[in-house]
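Participant: One structure follows; several queries about it will come next.
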Amino acid sequence: MVWVTQIIFYGLPWVEWNNRQAVLFDLEVRTFYLFNLVLFPHDLIYLTVLLIISALSLFLFTAVAGRLWCGFACPQTVYTEIYLWMEKLVEGDRQARMRLDQAGHSFQKFGKKTLKHLLWLGFGLWTGFTFVGYFTPIDQLGQAVLQASLGPWQTFWILFYGFATYGNAGFLREKICKYMCPYARFQSAMFDRDTLIVTYDAGRGEPRGGRSRTADLSQLKLGHCVDCTLCVQVCPTGIDIRKGLQYECIGCGVCADACDAVMDKVGYPKGLVRFTTQNGLQQGWSSRQIWRRVLRPRVLVYSAILLLLTVALFASLYMRTPLKIDVVRDSGVMSRLVQQGYIENVFRLRVLNATEQVQHYRITVQGLPGVQIESESRFSLEPTAARSMALTLRVPPGSSAAGAHPIRIEVQAEADPSLRATTDSVFMVPR
Ligand code: SF4
Ligand code: SF4
């Protein structure tokens, strides 16, 4: 998961699509590019649905497999893992690190500590640079860094995100999960006895105790836990899983891996610490029985809603017309009589070209006999550009009764008739 999440995070801003960055949230021009999609602030509804889908996914995955997000995909966990890896690379394993920390001042100690912090800082700043690269074209950002011509906001966010990564993953680590993250507090409301969690099989492990590899277990009256404390040593939040389910446990399964390795060495079956459910552990269920209970009504309801919302989101994105129009009546002129008795209404029309090509549009109006467009009815718009223009409509004298008449204004691309948008308004005829 570290590799998968990081390849996506660091790689995505460098992917090109239609001669531009594939994923770019360009705040300056308020345009958001997502591969083929070009979204604008008024498409906020998609973001809202996406956030609802994310929240529901969190409920679903938590009901099925506990803190799957915390243990495998949360940036705090992933970056802590990467920083631990860098620390191990420079200072060695846990024992070597403890020895180094206790040793007196020396050039070797100073060199190792400096190298570790340089690696951490470099990685943090690269992370900050990548993060800002989602909001500013990353190749331009790279050039600005090389030429030392970064803007104040870019500099602030690169440093802020860089140092946040350095501090959180290098120093704070599990303290973020234990004391600052609210998710650990409310996750228990989403757990039940059929949720998959990392658990220690106390029935099999106890009474725990050290023994020689050749010792006869039945003689010693000991369980399978050799009390090596490796599960505690590797735990990123520093807890002892043998004490039962604790809110600090992020469900990363590192203790299960460590214990399996110990079980292999001493020749006992794996799985003394494993992913299982509370019901499964107590009733001694097989994996098949456990999985049958995992698919319980609550999970099926979450899945159905999630599926429905996802299909709705994709269908609506697929059917979205990359042309937006909006019309408002001119507040200054309600209706006026012009030469030869014609009646004129003025509107303000706003057109947004949400495609990445130049478009030539034509305006038409329906709903009133003899209605004519007096202002320009053909115009062009640059890619992803918007234009606000006056739309003047006239009707011949006596063609319509006094009062408000509904009209429909349509804007259509000349090269592609399917690219069209309509909006309704009213035409006022004075008494
Ligand atoms: S107890 Fe195990 S699963 Fe829980 S946080 Fe520690 S290592 Fe991860
Ligand atoms: S790693 Fe396994 S054997 Fe060692 S103390 Fe933990 S539970 Fe017991």
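Starting from 1 in every chain, residues are counted up; chains themselves are A, B, ... following the order of the structure tokens, and ligands are numbered from 1 as listed.
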Can I get the residues of chain A within 7 Å of ligand 2, each with the closest pair of atoms and their distance in Å to one decimal, using only C-alpha atoms and all ligand atoms, sorted chain first then ascending number, as a Markdown table?

Facilitator:
```
| residue | atom | partner | partner_atom_place_in_ligand_line | distance |
| --- | --- | --- | --- | --- |
| A:Tyr200 | CA | ligand 2 | 7 (S) | 6.6 |
| A:Gly205 | CA | ligand 2 | 8 (Fe) | 6.9 |
| A:His224 | CA | ligand 2 | 3 (S) | 6.7 |
| A:Cys225 | CA | ligand 2 | 8 (Fe) | 3.8 |
| A:Val226 | CA | ligand 2 | 3 (S) | 4.5 |
| A:Asp227 | CA | ligand 2 | 5 (S) | 3.8 |
| A:Cys228 | CA | ligand 2 | 4 (Fe) | 4.1 |
| A:Thr229 | CA | ligand 2 | 5 (S) | 3.8 |
| A:Leu230 | CA | ligand 2 | 1 (S) | 4.5 |
| A:Cys231 | CA | ligand 2 | 1 (S) | 4.1 |
| A:Val232 | CA | ligand 2 | 6 (Fe) | 6.6 |
| A:Arg242 | CA | ligand 2 | 7 (S) | 6.5 |
| A:Cys255 | CA | ligand 2 | 1 (S) | 6.6 |
| A:Ala258 | CA | ligand 2 | 1 (S) | 5.8 |
| A:Cys259 | CA | ligand 2 | 1 (S) | 3.8 |
| A:Val262 | CA | ligand 2 | 3 (S) | 6.2 |
| A:Met263 | CA | ligand 2 | 3 (S) | 6.8 |
| A:Leu272 | CA | ligand 2 | 7 (S) | 6.4 |
| A:Val273 | CA | ligand 2 | 7 (S) | 6.1 |
```

Participant: With all heavy atoms kept, could you save the residues just selected as a short mmCIF file (atom, residue, chain, number, x, y, z; two decimals), in the first residue's frame?

Facilitator:
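Writing done, so here's again-v5.cif:
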```cif
data_model
loop_
_atom_site.label_atom_id
_atom_site.label_comp_id
_atom_site.auth_asym_id
_atom_site.auth_seq_id
_atom_site.Cartn_x
_atom_site.Cartn_y
_atom_site.Cartn_z
N TYR A 200 -5.41 -11.03 19.19
CA TYR A 200 -4.51 -12.06 19.75
C TYR A 200 -5.41 -13.21 20.23
O TYR A 200 -6.41 -12.96 20.96
CB TYR A 200 -3.75 -11.43 20.91
CG TYR A 200 -3.04 -12.40 21.82
CD1 TYR A 200 -1.95 -13.15 21.37
CD2 TYR A 200 -3.42 -12.54 23.16
CE1 TYR A 200 -1.29 -14.02 22.22
CE2 TYR A 200 -2.76 -13.40 24.01
CZ TYR A 200 -1.69 -14.14 23.53
OH TYR A 200 -1.05 -14.99 24.37
N GLY A 205 -2.75 -18.77 22.97
CA GLY A 205 -1.44 -18.22 23.36
C GLY A 205 -1.13 -18.34 24.84
O GLY A 205 0.04 -18.40 25.25
N HIS A 224 0.93 -21.01 23.11
CA HIS A 224 1.87 -20.80 22.00
C HIS A 224 2.64 -19.49 22.06
O HIS A 224 3.58 -19.30 21.32
CB HIS A 224 1.12 -20.90 20.67
CG HIS A 224 0.80 -22.31 20.29
ND1 HIS A 224 0.13 -22.66 19.14
CD2 HIS A 224 1.05 -23.49 20.93
CE1 HIS A 224 -0.01 -23.97 19.08
NE2 HIS A 224 0.54 -24.50 20.16
N CYS A 225 2.23 -18.53 22.91
CA CYS A 225 2.95 -17.25 22.98
C CYS A 225 4.27 -17.45 23.74
O CYS A 225 4.26 -17.82 24.92
CB CYS A 225 2.11 -16.19 23.67
SG CYS A 225 3.02 -14.65 23.88
N VAL A 226 5.37 -17.21 23.04
CA VAL A 226 6.69 -17.42 23.67
C VAL A 226 7.15 -16.15 24.42
O VAL A 226 8.27 -16.10 24.90
CB VAL A 226 7.74 -17.85 22.63
CG1 VAL A 226 7.37 -19.17 21.98
CG2 VAL A 226 7.93 -16.77 21.56
N ASP A 227 6.27 -15.17 24.48
CA ASP A 227 6.52 -13.92 25.20
C ASP A 227 7.80 -13.21 24.72
O ASP A 227 8.55 -12.65 25.53
CB ASP A 227 6.60 -14.21 26.71
CG ASP A 227 6.21 -12.98 27.52
OD1 ASP A 227 5.65 -12.03 26.94
OD2 ASP A 227 6.48 -12.95 28.74
N CYS A 228 7.99 -13.25 23.40
CA CYS A 228 9.19 -12.60 22.84
C CYS A 228 9.02 -11.08 22.77
O CYS A 228 9.98 -10.36 22.53
CB CYS A 228 9.46 -13.14 21.44
SG CYS A 228 8.12 -12.80 20.30
N THR A 229 7.79 -10.57 22.91
CA THR A 229 7.40 -9.14 22.85
C THR A 229 7.68 -8.48 21.49
O THR A 229 7.67 -7.27 21.37
CB THR A 229 8.05 -8.28 23.96
OG1 THR A 229 9.43 -8.14 23.69
CG2 THR A 229 7.80 -8.84 25.34
N LEU A 230 7.92 -9.30 20.48
CA LEU A 230 8.18 -8.73 19.15
C LEU A 230 6.97 -7.97 18.63
O LEU A 230 7.10 -6.93 17.97
CB LEU A 230 8.55 -9.85 18.17
CG LEU A 230 9.75 -9.50 17.31
CD1 LEU A 230 11.02 -9.75 18.09
CD2 LEU A 230 9.74 -10.29 16.03
N CYS A 231 5.77 -8.49 18.94
CA CYS A 231 4.53 -7.82 18.48
C CYS A 231 4.43 -6.42 19.09
O CYS A 231 3.91 -5.51 18.45
CB CYS A 231 3.30 -8.65 18.83
SG CYS A 231 3.24 -9.17 20.54
N VAL A 232 4.95 -6.26 20.30
CA VAL A 232 4.90 -4.94 20.95
C VAL A 232 5.98 -4.04 20.35
O VAL A 232 5.74 -2.85 20.08
CB VAL A 232 5.11 -5.08 22.48
CG1 VAL A 232 4.94 -3.75 23.17
CG2 VAL A 232 4.18 -6.12 23.06
N ARG A 242 -1.82 -8.17 22.98
CA ARG A 242 -2.25 -9.29 23.84
C ARG A 242 -3.19 -8.83 24.96
O ARG A 242 -3.81 -9.62 25.63
CB ARG A 242 -1.02 -10.00 24.42
CG ARG A 242 -0.18 -10.66 23.34
CD ARG A 242 1.11 -11.19 23.88
NE ARG A 242 1.94 -10.12 24.45
CZ ARG A 242 3.05 -10.33 25.14
NH1 ARG A 242 3.47 -11.56 25.34
NH2 ARG A 242 3.74 -9.31 25.61
N CYS A 255 1.94 -6.46 13.76
CA CYS A 255 2.17 -7.41 14.85
C CYS A 255 1.84 -8.83 14.40
O CYS A 255 2.52 -9.79 14.80
CB CYS A 255 1.33 -7.03 16.07
SG CYS A 255 -0.41 -6.85 15.70
N ALA A 258 4.79 -10.05 12.43
CA ALA A 258 5.94 -10.33 13.31
C ALA A 258 5.69 -11.64 14.05
O ALA A 258 6.60 -12.49 14.17
CB ALA A 258 6.12 -9.18 14.30
N CYS A 259 4.47 -11.83 14.53
CA CYS A 259 4.18 -13.04 15.29
C CYS A 259 4.22 -14.28 14.39
O CYS A 259 4.72 -15.32 14.81
CB CYS A 259 2.82 -12.91 15.98
SG CYS A 259 2.51 -14.26 17.12
N VAL A 262 7.64 -15.41 14.12
CA VAL A 262 8.08 -16.11 15.34
C VAL A 262 7.51 -17.53 15.35
O VAL A 262 8.21 -18.51 15.65
CB VAL A 262 7.62 -15.33 16.61
CG1 VAL A 262 7.96 -16.09 17.88
CG2 VAL A 262 8.23 -13.95 16.64
N MET A 263 6.24 -17.65 15.00
CA MET A 263 5.58 -18.97 14.99
C MET A 263 6.30 -19.92 14.02
O MET A 263 6.48 -21.10 14.29
CB MET A 263 4.09 -18.83 14.60
CG MET A 263 3.22 -18.12 15.60
SD MET A 263 3.07 -18.99 17.17
CE MET A 263 4.07 -18.00 18.25
N LEU A 272 -1.43 -16.76 15.51
CA LEU A 272 -1.69 -16.50 16.94
C LEU A 272 -2.22 -15.05 17.08
O LEU A 272 -3.12 -14.79 17.87
CB LEU A 272 -0.40 -16.69 17.74
CG LEU A 272 -0.46 -16.42 19.23
CD1 LEU A 272 -1.50 -17.29 19.91
CD2 LEU A 272 0.91 -16.63 19.90
N VAL A 273 -1.63 -14.16 16.29
CA VAL A 273 -2.20 -12.81 16.16
C VAL A 273 -2.67 -12.73 14.71
O VAL A 273 -1.89 -12.98 13.80
CB VAL A 273 -1.14 -11.72 16.43
CG1 VAL A 273 -1.77 -10.33 16.27
CG2 VAL A 273 -0.55 -11.86 17.82
#
```

Participant: Give me, as an NGL selection string, the set of residues whose atoms come within 12 Å of any atom of ligand 1, counting only C-alpha atoms and all ligand atoms.

Facilitator: :A and (65-68 or 70-72 or 77 or 81 or 173-174 or 177-178 or 184 or 196-200 or 229-259 or 272-276)

Participant: Take the residues that were just selected and, keeping C-alpha atoms, output them as a compact mmCIF listing (two decimals), in the first residue's frame.

Facilitator:
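This is the output file part_38.txt:
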```
# COMPACT_ATOMS: atom_id res chain seq x y z
CA ALA A 65 -12.58 -4.60 8.23
CA GLY A 66 -12.18 -2.07 11.04
CA ARG A 67 -9.51 0.58 10.63
CA LEU A 68 -8.53 -0.40 7.12
CA CYS A 70 -5.81 3.95 9.27
CA GLY A 71 -3.68 0.85 8.92
CA PHE A 72 -3.10 0.85 5.18
CA THR A 77 0.63 5.69 8.59
CA GLU A 81 6.34 3.78 7.46
CA ARG A 173 4.16 9.54 14.60
CA GLU A 174 1.72 7.47 16.70
CA CYS A 177 -3.21 8.65 15.92
CA LYS A 178 -3.48 8.41 19.70
CA ALA A 184 -10.14 6.68 16.46
CA LEU A 196 -12.62 -7.86 11.19
CA ILE A 197 -9.95 -6.69 13.64
CA VAL A 198 -6.39 -7.66 14.51
CA THR A 199 -6.67 -9.91 17.57
CA TYR A 200 -4.51 -12.06 19.75
CA THR A 229 7.40 -9.14 22.85
CA LEU A 230 8.18 -8.73 19.15
CA CYS A 231 4.53 -7.82 18.48
CA VAL A 232 4.90 -4.94 20.95
CA GLN A 233 8.27 -3.82 19.59
CA VAL A 234 7.04 -3.52 16.00
CA CYS A 235 3.72 -1.87 16.83
CA PRO A 236 3.74 1.70 15.42
CA THR A 237 1.44 2.87 18.25
CA GLY A 238 3.41 1.03 20.93
CA ILE A 239 0.58 -1.11 22.35
CA ASP A 240 0.47 -4.74 23.41
CA ILE A 241 -2.16 -6.48 21.27
CA ARG A 242 -2.25 -9.29 23.84
CA LYS A 243 -4.21 -6.98 26.15
CA GLY A 244 -7.19 -7.15 23.78
CA LEU A 245 -8.84 -4.60 21.48
CA GLN A 246 -7.60 -1.07 22.21
CA TYR A 247 -8.61 2.21 20.58
CA GLU A 248 -4.94 2.97 19.79
CA CYS A 249 -4.72 -0.04 17.45
CA ILE A 250 -4.78 1.19 13.84
CA GLY A 251 -5.25 -2.33 12.45
CA CYS A 252 -2.03 -2.30 10.44
CA GLY A 253 -1.36 -6.00 11.03
CA VAL A 254 2.39 -5.49 11.56
CA CYS A 255 2.17 -7.41 14.85
CA ALA A 256 0.44 -10.30 13.04
CA ASP A 257 3.32 -10.48 10.53
CA ALA A 258 5.94 -10.33 13.31
CA CYS A 259 4.18 -13.04 15.29
CA LEU A 272 -1.69 -16.50 16.94
CA VAL A 273 -2.20 -12.81 16.16
CA ARG A 274 -4.48 -12.50 13.13
CA PHE A 275 -7.32 -10.69 11.39
CA THR A 276 -10.54 -12.16 12.70
```

Participant: If we count only C-alpha atoms and set the cut-off at 7 Å, which residues sit around Ser380 in chain A, ignoring sequence neighbours fewer than 5 positions away in its own chain? Please answer as JSON, numbers by chain.

Facilitator: {"A": [359, 360, 361]}

Participant: Could you list, as a list of chain:residue names, every residue within 7 Å of Thr165 in chain A, counting only C-alpha atoms and ignoring same-chain residues fewer than 4 positions away?

Facilitator: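 Once the adjacent positions are removed, what remains is A:Gly124, A:Tyr161, A:Ala169.
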
Participant: From a DSSP calculation on the backbone, collect every residue of range 201-409 of chain A in alpha helix (DSSP H) and output the set as a ChimeraX atom specification.

Facilitator: /A:202-205,217-220,230-234,254-266,278-283,287-294,297-319

Participant: Got a sec to tell me which of range 29-273 of chain A DSSP assigns to strand (DSSP E), as a count of residues only?

Facilitator: 12

Participant: Would you list the contacts of Thr31 in chain A as number ranges by chain, taking every protein, DNA or RNA residue within 12 Å and counting only C-alpha atoms, but skipping same-chain residues closer than 4 positions in sequence?

Facilitator: A: 23-27, 37-44, 135-136, 352-356, 383-386

Participant: I'd like the neighbourhood of Ser400 in chain A as an NGL selection string, where a residue qualifies if any of its atoms comes within 12 Å (using only C-alpha atoms), though same-chain residues fewer than 2 positions away should be ignored.

Facilitator: :A and (342-343 or 367-371 or 394-398 or 402-406 or 427-431)

Participant: May I have the residues within 7 Å of range 280-294 of chain A as a list in words, using only C-alpha atoms and disregarding those fewer than 6 positions away in the same chain?

Facilitator: Val64, Asp194 and Thr195 of chain A

Participant: Can you write out the residues you just picked, keeping N, CA, C and O atoms, as a tab-separated table (two decimals), in the first residue's frame?

Facilitator:
```
chain	number	residue	atom	x	y	z
A	64	VAL	N	-16.73	-3.57	7.72
A	64	VAL	CA	-16.22	-4.87	7.26
A	64	VAL	C	-14.88	-5.19	7.92
A	64	VAL	O	-14.70	-6.27	8.48
A	194	ASP	N	-18.87	-8.54	14.46
A	194	ASP	CA	-18.54	-9.21	13.20
A	194	ASP	C	-17.61	-8.37	12.33
A	194	ASP	O	-17.48	-8.61	11.13
A	195	THR	N	-17.00	-7.35	12.94
A	195	THR	CA	-16.02	-6.54	12.22
A	195	THR	C	-14.65	-7.20	12.32
A	195	THR	O	-14.25	-7.65	13.39
```
